[in-house]
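K.L.:
I'm passing along entry.txt; it holds compact mmCIF, C-alpha atoms.
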```
# COMPACT_ATOMS: atom_id res chain seq x y z
CA MET A 1 -27.34 -7.84 22.85
CA ASN A 2 -27.12 -4.47 24.53
CA LYS A 3 -23.67 -3.13 25.20
CA THR A 4 -23.05 0.04 27.12
CA GLN A 5 -21.68 2.57 24.72
CA ASN A 6 -19.33 5.21 26.01
CA ASN A 7 -17.65 7.18 23.30
CA LYS A 8 -15.65 9.24 25.79
CA ALA A 9 -12.86 6.70 25.43
CA TRP A 10 -12.18 8.26 22.05
CA PHE A 11 -10.62 11.21 23.86
CA LEU A 12 -7.79 8.86 24.86
CA VAL A 13 -6.86 8.74 21.18
CA LEU A 14 -6.23 12.49 21.08
CA PRO A 15 -2.46 12.36 21.82
CA VAL A 16 -1.97 9.87 18.99
CA LEU A 17 -4.04 12.08 16.73
CA ALA A 18 -1.83 15.05 17.60
CA ILE A 19 1.34 13.14 16.76
CA VAL A 20 -0.12 11.69 13.59
CA SER A 21 -1.27 15.10 12.45
CA LEU A 22 2.26 16.41 12.86
CA ASN A 23 4.08 13.60 11.11
CA ALA A 24 1.50 12.59 8.53
CA ILE A 25 -1.27 15.08 7.95
CA VAL A 26 0.83 18.24 7.82
CA PRO A 27 3.29 16.79 5.26
CA LEU A 28 0.39 15.38 3.28
CA MET A 29 -1.26 18.81 3.22
CA THR A 30 2.02 20.32 2.06
CA VAL A 31 2.19 17.80 -0.77
CA VAL A 32 -1.35 18.72 -1.75
CA ASN A 33 -0.29 22.37 -1.79
CA TYR A 34 2.77 21.63 -3.90
CA SER A 35 0.77 19.58 -6.36
CA VAL A 36 -1.19 22.58 -7.62
CA GLN A 37 1.74 24.98 -7.89
CA GLU A 38 4.95 25.60 -9.77
CA THR A 39 8.05 26.74 -7.93
CA PHE A 40 11.43 28.05 -9.00
CA GLY A 41 12.88 27.90 -5.51
CA ASN A 42 13.11 30.67 -2.90
CA ASN A 43 9.69 29.68 -1.58
CA LEU A 44 8.07 31.40 -4.54
CA PHE A 45 5.02 29.49 -5.74
CA PHE A 46 2.72 30.04 -8.68
CA PHE A 47 -0.73 28.52 -8.88
CA GLU A 48 -1.09 26.02 -11.73
CA GLY A 49 -4.41 24.36 -10.99
CA VAL A 50 -4.64 20.73 -12.06
CA ARG A 51 -1.97 21.02 -14.76
CA TRP A 52 0.44 18.67 -12.99
CA PHE A 53 -2.16 16.00 -12.47
CA ARG A 54 -3.02 16.12 -16.17
CA GLU A 55 0.65 15.98 -17.16
CA VAL A 56 1.51 13.11 -14.84
CA LEU A 57 -1.49 11.04 -15.90
CA ASP A 58 -0.69 11.60 -19.57
CA SER A 59 3.04 11.01 -19.29
CA GLU A 60 4.42 7.79 -20.66
CA ARG A 61 7.09 7.84 -17.98
CA PHE A 62 4.53 7.60 -15.18
CA GLN A 63 2.50 4.94 -16.98
CA ASP A 64 5.63 2.86 -17.55
CA SER A 65 6.82 3.02 -13.97
CA LEU A 66 3.30 2.25 -12.77
CA LEU A 67 3.23 -0.84 -14.96
CA ARG A 68 6.64 -1.90 -13.67
CA GLN A 69 5.46 -1.34 -10.12
CA PHE A 70 2.38 -3.50 -10.52
CA SER A 71 4.38 -6.23 -12.25
CA PHE A 72 6.93 -6.25 -9.46
CA THR A 73 4.34 -6.28 -6.68
CA GLY A 74 2.30 -8.95 -8.46
CA ILE A 75 5.30 -11.20 -9.01
CA ILE A 76 6.66 -10.99 -5.48
CA LEU A 77 3.21 -11.56 -3.96
CA ALA A 78 2.67 -14.58 -6.20
CA ILE A 79 5.96 -16.01 -5.00
CA GLU A 80 6.15 -14.94 -1.36
CA ILE A 81 2.66 -15.84 -0.13
CA PRO A 82 2.56 -19.48 -1.36
CA LEU A 83 6.23 -19.99 -0.57
CA GLY A 84 5.79 -18.55 2.93
CA VAL A 85 2.81 -20.80 3.64
CA ALA A 86 4.68 -23.82 2.30
CA ILE A 87 7.69 -23.12 4.50
CA ALA A 88 5.51 -22.50 7.55
CA LEU A 89 3.75 -25.84 6.96
CA SER A 90 7.01 -27.73 6.76
CA MET A 91 8.58 -26.15 9.84
CA PRO A 92 8.86 -28.26 13.01
CA LYS A 93 5.98 -27.71 15.39
CA LYS A 94 7.82 -27.76 18.70
CA GLY A 95 11.16 -28.44 20.29
CA ILE A 96 14.55 -26.87 19.81
CA TRP A 97 14.38 -27.01 16.01
CA ALA A 98 11.25 -24.90 15.98
CA SER A 99 13.15 -22.14 17.78
CA VAL A 100 16.18 -22.57 15.52
CA CYS A 101 13.99 -22.27 12.43
CA LEU A 102 12.21 -19.22 13.80
CA VAL A 103 15.49 -17.45 14.55
CA LEU A 104 16.91 -18.32 11.14
CA MET A 105 13.71 -17.12 9.52
CA SER A 106 13.76 -13.78 11.31
CA LEU A 107 17.36 -13.00 10.40
CA PRO A 108 16.68 -11.47 6.96
CA LEU A 109 13.98 -9.28 8.50
CA LEU A 110 16.51 -7.69 10.84
CA ILE A 111 18.79 -6.47 8.07
CA PRO A 112 18.32 -2.85 7.00
CA TRP A 113 17.14 -2.22 3.46
CA ASN A 114 20.27 -0.50 2.24
CA VAL A 115 22.46 -3.29 3.62
CA VAL A 116 20.30 -5.84 1.81
CA GLY A 117 20.74 -3.84 -1.39
CA ALA A 118 24.51 -3.57 -0.95
CA MET A 119 24.83 -7.26 -0.04
CA TRP A 120 22.93 -8.37 -3.09
CA ASN A 121 24.79 -5.94 -5.29
CA ILE A 122 28.09 -7.58 -4.37
CA PHE A 123 26.56 -11.07 -4.26
CA ALA A 124 25.27 -10.70 -7.81
CA LEU A 125 28.27 -9.02 -9.46
CA PRO A 126 29.08 -11.13 -12.52
CA ASP A 127 32.87 -11.08 -12.08
CA ILE A 128 33.38 -11.41 -8.32
CA GLY A 129 29.97 -12.06 -6.72
CA LEU A 130 29.10 -15.57 -5.64
CA LEU A 131 25.74 -15.62 -7.39
CA GLY A 132 26.82 -13.75 -10.51
CA TYR A 133 30.05 -15.69 -10.95
CA THR A 134 28.35 -19.05 -10.38
CA LEU A 135 25.58 -18.31 -12.85
CA ASN A 136 28.09 -17.25 -15.48
CA ALA A 137 30.29 -20.26 -14.80
CA MET A 138 27.24 -22.45 -15.30
CA GLY A 139 26.84 -20.97 -18.74
CA PHE A 140 24.08 -18.40 -18.11
CA ASP A 141 24.70 -15.01 -19.60
CA TYR A 142 23.95 -13.04 -16.46
CA ASN A 143 24.80 -9.40 -15.79
CA PHE A 144 22.32 -7.42 -13.74
CA THR A 145 23.95 -4.09 -14.58
CA ARG A 146 23.42 -4.57 -18.31
CA GLN A 147 20.43 -6.85 -18.90
CA ALA A 148 16.94 -5.91 -17.88
CA ILE A 149 15.95 -9.54 -17.37
CA SER A 150 18.89 -10.22 -15.04
CA ALA A 151 18.17 -7.02 -13.11
CA TRP A 152 14.55 -8.07 -12.61
CA PHE A 153 15.58 -11.56 -11.61
CA THR A 154 17.97 -10.17 -9.00
CA VAL A 155 15.53 -7.59 -7.61
CA ILE A 156 12.79 -10.20 -7.25
CA LEU A 157 15.11 -12.80 -5.74
CA MET A 158 16.35 -10.19 -3.29
CA ASP A 159 12.85 -9.25 -2.22
CA VAL A 160 11.84 -12.89 -1.86
CA TRP A 161 14.92 -13.51 0.26
CA HIS A 162 14.27 -10.48 2.41
CA TRP A 163 10.54 -10.72 2.98
CA THR A 164 9.28 -14.29 2.59
CA SER A 165 10.20 -14.74 6.26
CA LEU A 166 7.55 -12.26 7.25
CA VAL A 167 4.88 -14.37 5.57
CA VAL A 168 6.42 -17.49 7.13
CA LEU A 169 6.32 -16.05 10.64
CA LEU A 170 2.76 -14.84 10.27
CA ALA A 171 1.57 -18.11 8.75
CA TYR A 172 3.45 -20.10 11.38
CA ALA A 173 1.79 -18.15 14.18
CA GLY A 174 -1.56 -18.67 12.47
CA LEU A 175 -0.98 -22.41 12.16
CA ARG A 176 0.04 -22.73 15.81
CA SER A 177 -3.19 -21.10 16.94
CA ILE A 178 -5.36 -23.78 15.29
CA ASP A 179 -6.91 -25.92 17.98
CA ASP A 180 -5.76 -29.55 18.00
CA SER A 181 -9.34 -30.80 18.03
CA TYR A 182 -9.71 -29.80 14.36
CA TYR A 183 -6.83 -32.11 13.45
CA GLN A 184 -8.26 -34.89 15.60
CA ALA A 185 -11.61 -34.57 13.87
CA ALA A 186 -9.86 -34.66 10.51
CA ARG A 187 -7.97 -37.80 11.51
CA ILE A 188 -11.20 -39.51 12.56
CA ASP A 189 -12.73 -38.62 9.22
CA GLY A 190 -9.65 -39.94 7.47
CA ALA A 191 -9.02 -36.61 5.71
CA SER A 192 -6.00 -36.38 3.44
CA LYS A 193 -3.20 -33.88 4.09
CA TRP A 194 -4.45 -31.81 1.20
CA ALA A 195 -8.01 -31.78 2.56
CA VAL A 196 -6.71 -30.73 5.98
CA PHE A 197 -4.82 -27.89 4.32
CA LEU A 198 -7.73 -26.81 2.15
CA TYR A 199 -10.56 -27.05 4.70
CA ILE A 200 -8.86 -26.42 8.04
CA GLN A 201 -5.54 -24.67 7.74
CA LEU A 202 -6.22 -22.30 4.86
CA PRO A 203 -9.53 -20.94 6.23
CA LYS A 204 -7.93 -20.52 9.64
CA LEU A 205 -5.02 -18.69 8.05
CA LYS A 206 -7.32 -16.26 6.27
CA HIS A 207 -6.73 -13.40 8.67
CA VAL A 208 -2.97 -13.68 9.00
CA LEU A 209 -2.66 -14.10 5.24
CA THR A 210 -4.77 -11.00 4.73
CA LEU A 211 -2.37 -9.18 6.98
CA ALA A 212 0.65 -10.66 5.21
CA PHE A 213 -0.78 -9.76 1.83
CA LEU A 214 -1.52 -6.19 2.90
CA LEU A 215 1.88 -5.68 4.51
CA ARG A 216 3.71 -7.14 1.54
CA PHE A 217 1.57 -5.26 -0.93
CA ILE A 218 2.11 -1.89 0.69
CA ASP A 219 5.76 -2.50 1.40
CA SER A 220 6.58 -3.69 -2.11
CA PHE A 221 4.46 -0.95 -3.60
CA MET A 222 6.60 1.60 -1.79
CA ILE A 223 9.91 -0.21 -2.31
CA TYR A 224 12.75 2.22 -2.81
CA THR A 225 16.04 1.53 -1.06
CA GLU A 226 16.74 -2.04 -2.13
CA PRO A 227 16.39 -1.61 -5.91
CA PHE A 228 17.94 1.84 -5.65
CA VAL A 229 21.10 0.45 -4.05
CA LEU A 230 21.10 -2.69 -6.19
CA THR A 231 20.41 -1.33 -9.67
CA GLY A 232 19.78 2.39 -9.24
CA GLY A 233 16.65 1.89 -11.33
CA GLY A 234 18.66 0.61 -14.26
CA PRO A 235 19.74 -0.67 -16.66
CA GLY A 236 18.10 2.26 -18.43
CA ASN A 237 14.79 2.64 -16.63
CA THR A 238 13.91 -1.01 -16.45
CA THR A 239 13.80 -1.28 -12.65
CA THR A 240 12.66 2.29 -11.98
CA PHE A 241 9.67 1.67 -9.74
CA LEU A 242 7.20 4.35 -8.72
CA SER A 243 9.06 5.59 -5.68
CA ILE A 244 12.39 5.75 -7.49
CA ASP A 245 10.75 7.68 -10.29
CA LEU A 246 9.11 9.94 -7.72
CA VAL A 247 12.38 10.75 -5.99
CA LYS A 248 14.07 11.38 -9.35
CA SER A 249 11.36 13.82 -10.24
CA ALA A 250 11.12 15.53 -6.83
CA LEU A 251 14.73 15.73 -5.72
CA GLY A 252 16.69 15.05 -8.91
CA GLU A 253 14.76 17.39 -11.17
CA PHE A 254 13.20 19.53 -8.43
CA ASN A 255 9.80 19.22 -10.07
CA LEU A 256 7.89 19.72 -6.83
CA GLY A 257 4.56 20.26 -8.56
CA ALA A 258 4.70 17.18 -10.76
CA ALA A 259 6.15 15.10 -7.94
CA GLY A 260 3.40 16.30 -5.60
CA ALA A 261 0.72 15.29 -8.09
CA MET A 262 2.43 11.97 -8.62
CA SER A 263 2.65 11.26 -4.88
CA LEU A 264 -1.04 11.97 -4.46
CA ILE A 265 -1.98 9.59 -7.26
CA TYR A 266 0.36 7.05 -5.70
CA PHE A 267 -1.23 7.61 -2.28
CA LEU A 268 -4.74 7.22 -3.66
CA MET A 269 -3.80 3.91 -5.27
CA THR A 270 -2.40 2.54 -2.02
CA LEU A 271 -5.45 3.76 -0.16
CA LEU A 272 -7.84 2.13 -2.61
CA VAL A 273 -6.07 -1.21 -2.56
CA CYS A 274 -5.89 -1.26 1.24
CA TRP A 275 -9.55 -0.38 1.54
CA LEU A 276 -10.64 -2.91 -1.08
CA PHE A 277 -8.62 -5.67 0.43
CA TYR A 278 -9.63 -4.94 4.00
CA THR A 279 -13.28 -4.71 3.05
CA LEU A 280 -13.24 -7.91 1.01
CA ALA A 281 -11.35 -9.80 3.69
CA MET A 282 -13.64 -8.63 6.48
CA ARG A 283 -16.83 -9.16 4.51
CA GLY A 284 -19.39 -11.19 6.38
CA GLU A 285 -17.38 -11.12 9.58
CA GLU A 286 -18.08 -9.04 12.60
CA ARG A 287 -15.61 -6.28 12.94
CA MET B 1 3.99 30.14 13.64
CA ASP B 2 5.27 30.65 10.14
CA LEU B 3 3.51 28.33 7.73
CA SER B 4 4.85 29.79 4.50
CA TRP B 5 6.88 26.64 3.88
CA MET B 6 3.63 24.78 3.46
CA ALA B 7 2.90 26.91 0.39
CA TRP B 8 -0.81 27.31 1.09
CA THR B 9 -3.20 28.44 -1.59
CA TRP B 10 -6.81 29.37 -0.91
CA GLN B 11 -7.93 26.55 -3.17
CA THR B 12 -6.17 23.84 -1.19
CA ALA B 13 -7.18 25.48 2.08
CA ALA B 14 -10.78 25.43 0.92
CA PHE B 15 -10.41 21.77 0.05
CA PHE B 16 -9.19 20.83 3.53
CA ILE B 17 -11.79 23.02 5.21
CA PHE B 18 -14.40 21.19 3.15
CA ILE B 19 -13.09 17.81 4.35
CA GLY B 20 -13.04 19.06 7.95
CA LEU B 21 -16.57 20.41 7.65
CA ALA B 22 -17.74 17.14 6.12
CA ILE B 23 -16.39 15.21 9.11
CA LEU B 24 -17.91 17.73 11.50
CA ALA B 25 -21.23 17.50 9.69
CA MET B 26 -21.14 13.72 10.04
CA GLY B 27 -20.68 14.12 13.78
CA LEU B 28 -23.57 16.56 14.07
CA TRP B 29 -25.78 14.38 11.90
CA GLU B 30 -25.16 11.39 14.15
CA LYS B 31 -25.89 13.55 17.21
CA ILE B 32 -29.16 14.92 15.83
CA GLU B 33 -30.36 11.80 14.10
CA PRO B 34 -28.50 8.66 15.16
CA GLY B 35 -28.44 5.95 12.54
CA GLY B 36 -24.79 5.26 11.94
CA ALA B 37 -25.01 1.56 12.64
CA PRO B 38 -23.79 -0.67 9.81
CA ARG B 39 -26.31 -1.51 7.12
CA HIS B 40 -26.20 -3.97 4.27
CA GLY B 41 -26.01 -2.15 0.96
CA VAL B 42 -26.16 -2.94 -2.75
CA LEU B 43 -22.47 -3.83 -2.89
CA GLY B 44 -23.01 -6.57 -0.34
CA LEU B 45 -20.99 -4.63 2.21
CA ASP B 46 -21.94 -3.60 5.70
CA THR B 47 -21.17 0.08 5.85
CA THR B 48 -21.60 2.77 8.47
CA ARG B 49 -22.12 6.43 7.61
CA GLY B 50 -18.42 7.03 8.10
CA ASP B 51 -17.60 4.25 5.63
CA ARG B 52 -19.94 5.82 3.14
CA LEU B 53 -18.23 9.20 3.53
CA PHE B 54 -14.88 7.53 2.95
CA ILE B 55 -16.16 5.71 -0.14
CA SER B 56 -17.64 8.94 -1.48
CA LEU B 57 -14.41 10.89 -0.98
CA LEU B 58 -12.14 8.20 -2.39
CA GLY B 59 -14.51 7.63 -5.29
CA SER B 60 -14.63 11.37 -5.99
CA ALA B 61 -10.84 11.51 -6.07
CA TYR B 62 -10.81 8.76 -8.69
CA ILE B 63 -13.63 10.37 -10.67
CA HIS B 64 -11.60 13.58 -10.81
CA LEU B 65 -8.43 11.73 -11.82
CA GLY B 66 -10.28 9.80 -14.49
CA TRP B 67 -11.79 13.01 -15.79
CA LEU B 68 -8.34 14.58 -16.03
CA ALA B 69 -6.90 11.51 -17.72
CA PHE B 70 -9.61 10.95 -20.32
CA THR B 71 -11.22 14.30 -21.09
CA GLY B 72 -9.95 17.79 -21.67
CA ALA B 73 -13.17 19.34 -20.37
CA PRO B 74 -13.29 21.67 -17.35
CA LEU B 75 -12.97 19.86 -14.02
CA TRP B 76 -16.34 20.88 -12.54
CA GLY B 77 -17.90 18.20 -14.74
CA ALA B 78 -16.16 15.64 -12.56
CA THR B 79 -17.33 17.49 -9.45
CA ILE B 80 -20.97 17.18 -10.55
CA ILE B 81 -20.52 13.45 -11.15
CA SER B 82 -18.86 13.13 -7.75
CA VAL B 83 -21.77 14.80 -5.96
CA VAL B 84 -24.22 12.47 -7.71
CA PHE B 85 -21.96 9.55 -6.84
CA ALA B 86 -21.78 10.59 -3.18
CA LEU B 87 -25.56 10.95 -2.96
CA ALA B 88 -25.95 7.49 -4.50
CA VAL B 89 -23.43 6.03 -2.06
CA PHE B 90 -25.24 7.53 0.92
CA ARG B 91 -28.59 6.33 -0.38
CA TRP B 92 -27.84 2.79 -1.51
CA VAL B 93 -24.43 1.51 -0.44
```
As structure tokens, please, write out the structure in this file.
P.N.:
Amino acid sequence: MNKTQNNKAWFLVLPVLAIVSLNAIVPLMTVVNYSVQETFGNNLFFFEGVRWFREVLDSERFQDSLLRQFSFTGIILAIEIPLGVAIALSMPKKGIWASVCLVLMSLPLLIPWNVVGAMWNIFALPDIGLLGYTLNAMGFDYNFTRQAISAWFTVILMDVWHWTSLVVLLAYAGLRSIDDSYYQAARIDGASKWAVFLYIQLPKLKHVLTLAFLLRFIDSFMIYTEPFVLTGGGPGNTTTFLSIDLVKSALGEFNLGAAGAMSLIYFLMTLLVCWLFYTLAMRGEER
Amino acid sequence: MDLSWMAWTWQTAAFFIFIGLAILAMGLWEKIEPGGAPRHGVLGLDTTRGDRLFISLLGSAYIHLGWLAFTGAPLWGATIISVVFALAVFRWV
């Protein structure tokens, strides 16, 4: 197949490139500059080479928050993706109830992060919050401001509440785009519901689920506001995820060099995961 | 335009110039000797020349980080490995 190639269309991308370079590349370059220097304020910088990278990589603090970050992201992905698909499968296919469900599903997505954090903070308070009070009344010893396990439970529940809808909407859209003839063929073959799911719906959902996975991975990997408002990274450091730790180090302690090095390591991890996932998902398919 | 807030050092400037030159070189290479179409490499991936540059750069970043994390030796050791890695990526991936 011979297509006419005209790469001049790339020039149309130039305005976007200009904007992106202002809001992404210039700050990124600044971070790179910070990461190799020490500053005591007043725009005075001293070259330190790779010292910060070495220190960050060796520091227990960074390793701990990295581990917490991966645990958090892993847990919410393991919950949200299957749960989202399950909800999408059980939603009505057409009619007024389909619209009602869709609207209800999109509601959590419309709430700003800090509001979600504040809502859940009050919701989970052990003495006056609905969730906290109920759990305690049922005999569970639950206090998210004191126990690490309760804090984790609340943070994860909050994220699942806030973001499962995204997976649901994507999966629902993916399910709707499956041609009816596939289902007809399955019915003729007498395929079970499970077989239909495994051999028709799941493969057809591959692309939207890739997208959902990527979006949820990146978003949860960068999560800041919700846990910050809910627990402030506590109790102790138990819910201090990477970004919270980063902000503590950059703005709280004014360690621009160390924070710069940490952000770059953080950035490289996100980049690698995105690339890996995109490549694996697109393998064997035409781009 | 005052760029002092960006806290430039010649080392970081050299780094970005290197990246820019690498991208420019890729463009010239494709112009002089076209061959950027995807090819099936040892990793089982279809990669273009641009993909291979990206893999080389990202891999080099990780090689340098790993070097910093696990050895105390001077960093140019990692740079040598990275160059070998990049050549391997462009040859086989």
K.L.:
Contacts of Phe62 in chain A at 10 Å or less, counting all atoms listed in the file, minus same-chain residues fewer than 4 places along, as a ChimeraX atom specification?
P.N.:
/A:55-58,66-68,241-242,245-246,262
K.L.:
Write out, as a PDB file, in the coordinates of the input, the residues just selected, with C-alpha atoms.
P.N.:
```
ATOM      1  CA  GLU A  55       0.650  15.980 -17.160  1.00  0.00           C
ATOM      2  CA  VAL A  56       1.510  13.110 -14.840  1.00  0.00           C
ATOM      3  CA  LEU A  57      -1.490  11.040 -15.900  1.00  0.00           C
ATOM      4  CA  ASP A  58      -0.690  11.600 -19.570  1.00  0.00           C
ATOM      5  CA  LEU A  66       3.300   2.250 -12.770  1.00  0.00           C
ATOM      6  CA  LEU A  67       3.230  -0.840 -14.960  1.00  0.00           C
ATOM      7  CA  ARG A  68       6.640  -1.900 -13.670  1.00  0.00           C
ATOM      8  CA  PHE A 241       9.670   1.670  -9.740  1.00  0.00           C
ATOM      9  CA  LEU A 242       7.200   4.350  -8.720  1.00  0.00           C
ATOM     10  CA  ASP A 245      10.750   7.680 -10.290  1.00  0.00           C
ATOM     11  CA  LEU A 246       9.110   9.940  -7.720  1.00  0.00           C
ATOM     12  CA  MET A 262       2.430  11.970  -8.620  1.00  0.00           C
TER      13      MET A 262
END
```
K.L.:
Any idea which chain B residues end up within 8 Å of chain A if we count only C-alpha atoms, as a tab-separated table (two decimals) with C-alpha atoms, keeping the file's coordinate frame please?
P.N.:
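Written out: selection-v6.tsv:
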```tsv
chain	number	residue	atom	x	y	z
B	4	SER	CA	4.85	29.79	4.50
B	5	TRP	CA	6.88	26.64	3.88
B	6	MET	CA	3.63	24.78	3.46
B	7	ALA	CA	2.90	26.91	0.39
B	8	TRP	CA	-0.81	27.31	1.09
B	9	THR	CA	-3.20	28.44	-1.59
B	12	THR	CA	-6.17	23.84	-1.19
B	45	LEU	CA	-20.99	-4.63	2.21
B	46	ASP	CA	-21.94	-3.60	5.70
B	58	LEU	CA	-12.14	8.20	-2.39
B	61	ALA	CA	-10.84	11.51	-6.07
B	65	LEU	CA	-8.43	11.73	-11.82
B	68	LEU	CA	-8.34	14.58	-16.03
B	69	ALA	CA	-6.90	11.51	-17.72
```
K.L.:
Just how far from CA of Met158 in chain A is CA of Val116 in chain A, in Å to one decimal?
P.N.:
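Computing the Euclidean distance for CA of Val116 in chain A and CA of Met158 in chain A yields 7.8 Å.
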K.L.:
Can you work out the spacing between CA of Ala9 in chain A and CA of Lys31 in chain B in Å, to one decimal?
P.N.:
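Computing the Euclidean distance for CA of Ala9 in chain A and CA of Lys31 in chain B yields 16.9 Å.
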K.L.:
So what do you get for CA of Asp51 in chain B versus CA of Leu205 in chain A, distance-wise?
P.N.:
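So the two atoms, CA of Asp51 in chain B and CA of Leu205 in chain A, lie 26.3 Å apart.
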K.L.:
Could you give me, as a compact mmCIF listing (two decimals) with C-alpha atoms, in the frame of the given file, the residues within 12 Å of range 26-28 of chain B, counting all atoms listed in the file and dropping anything in the same chain fewer than 5 positions from it?
P.N.:
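Output (out.txt):
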```txt
# COMPACT_ATOMS: atom_id res chain seq x y z
CA ILE B 19 -13.09 17.81 4.35
CA GLY B 20 -13.04 19.06 7.95
CA LEU B 21 -16.57 20.41 7.65
CA GLU B 33 -30.36 11.80 14.10
CA PRO B 34 -28.50 8.66 15.16
CA GLY B 35 -28.44 5.95 12.54
CA GLY B 36 -24.79 5.26 11.94
CA THR B 48 -21.60 2.77 8.47
CA ARG B 49 -22.12 6.43 7.61
CA GLY B 50 -18.42 7.03 8.10
CA ASP B 51 -17.60 4.25 5.63
CA ARG B 52 -19.94 5.82 3.14
CA LEU B 53 -18.23 9.20 3.53
CA PHE B 54 -14.88 7.53 2.95
CA PHE B 90 -25.24 7.53 0.92
```
K.L.:
Identify which of the residues B:Ile32, B:Leu75, B:Val93, B:Leu24 lies closest to Ile55 in chain B, counting all atoms listed in the file when measuring atom-to-atom distances.
P.N.:
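Selected residue with least distance to Ile55 in chain B: B:Val93.
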K.L.:
Write out as a list in words each polymer residue whose atoms come within 12 Å of Leu125 in chain A, counting all atoms listed in the file; drop sequence neighbours fewer than 2 positions from it.
P.N.:
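In the requested form, the answer reads Ala118, Met119, Trp120, Asn121, Ile122, Phe123, Asp127, Ile128, Gly129, Leu130, Leu131, Gly132, Tyr133, Thr134, Leu135, Asn136, Tyr142, Asn143, Phe144, Thr145, Arg146, Ser150, Ala151, Thr154, Leu230 and Thr231 of chain A.
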K.L.:
With all atoms listed in the file as the basis for distance, which of B:Leu3, B:Arg91, B:Ala14, B:Ser60 is at the shortest distance from Gly77 in chain B?
P.N.:
B:Ser60
K.L.:
Just the residues within 12 Å of Ser90 in chain A, please, counting all atoms listed in the file, with nothing from its chain fewer than 4 positions along; format it as a PDB file with C-alpha atoms, keeping the file's coordinate frame.
P.N.:
```pdb
ATOM      1  CA  LEU A  83       6.230 -19.990  -0.570  1.00  0.00           C
ATOM      2  CA  GLY A  84       5.790 -18.550   2.930  1.00  0.00           C
ATOM      3  CA  VAL A  85       2.810 -20.800   3.640  1.00  0.00           C
ATOM      4  CA  ALA A  86       4.680 -23.820   2.300  1.00  0.00           C
ATOM      5  CA  LYS A  94       7.820 -27.760  18.700  1.00  0.00           C
ATOM      6  CA  TRP A  97      14.380 -27.010  16.010  1.00  0.00           C
ATOM      7  CA  ALA A  98      11.250 -24.900  15.980  1.00  0.00           C
ATOM      8  CA  CYS A 101      13.990 -22.270  12.430  1.00  0.00           C
ATOM      9  CA  VAL A 168       6.420 -17.490   7.130  1.00  0.00           C
ATOM     10  CA  ALA A 171       1.570 -18.110   8.750  1.00  0.00           C
ATOM     11  CA  TYR A 172       3.450 -20.100  11.380  1.00  0.00           C
ATOM     12  CA  LEU A 175      -0.980 -22.410  12.160  1.00  0.00           C
TER      13      LEU A 175
END
```
K.L.:
Using all atoms listed in the file, determine which residues lie at most 8 Å from Val160 in chain A, disregarding the query and same-chain residues fewer than 5 positions distant; provide the list as a VMD selection string.
P.N.:
chain A and resid 76 79 to 80
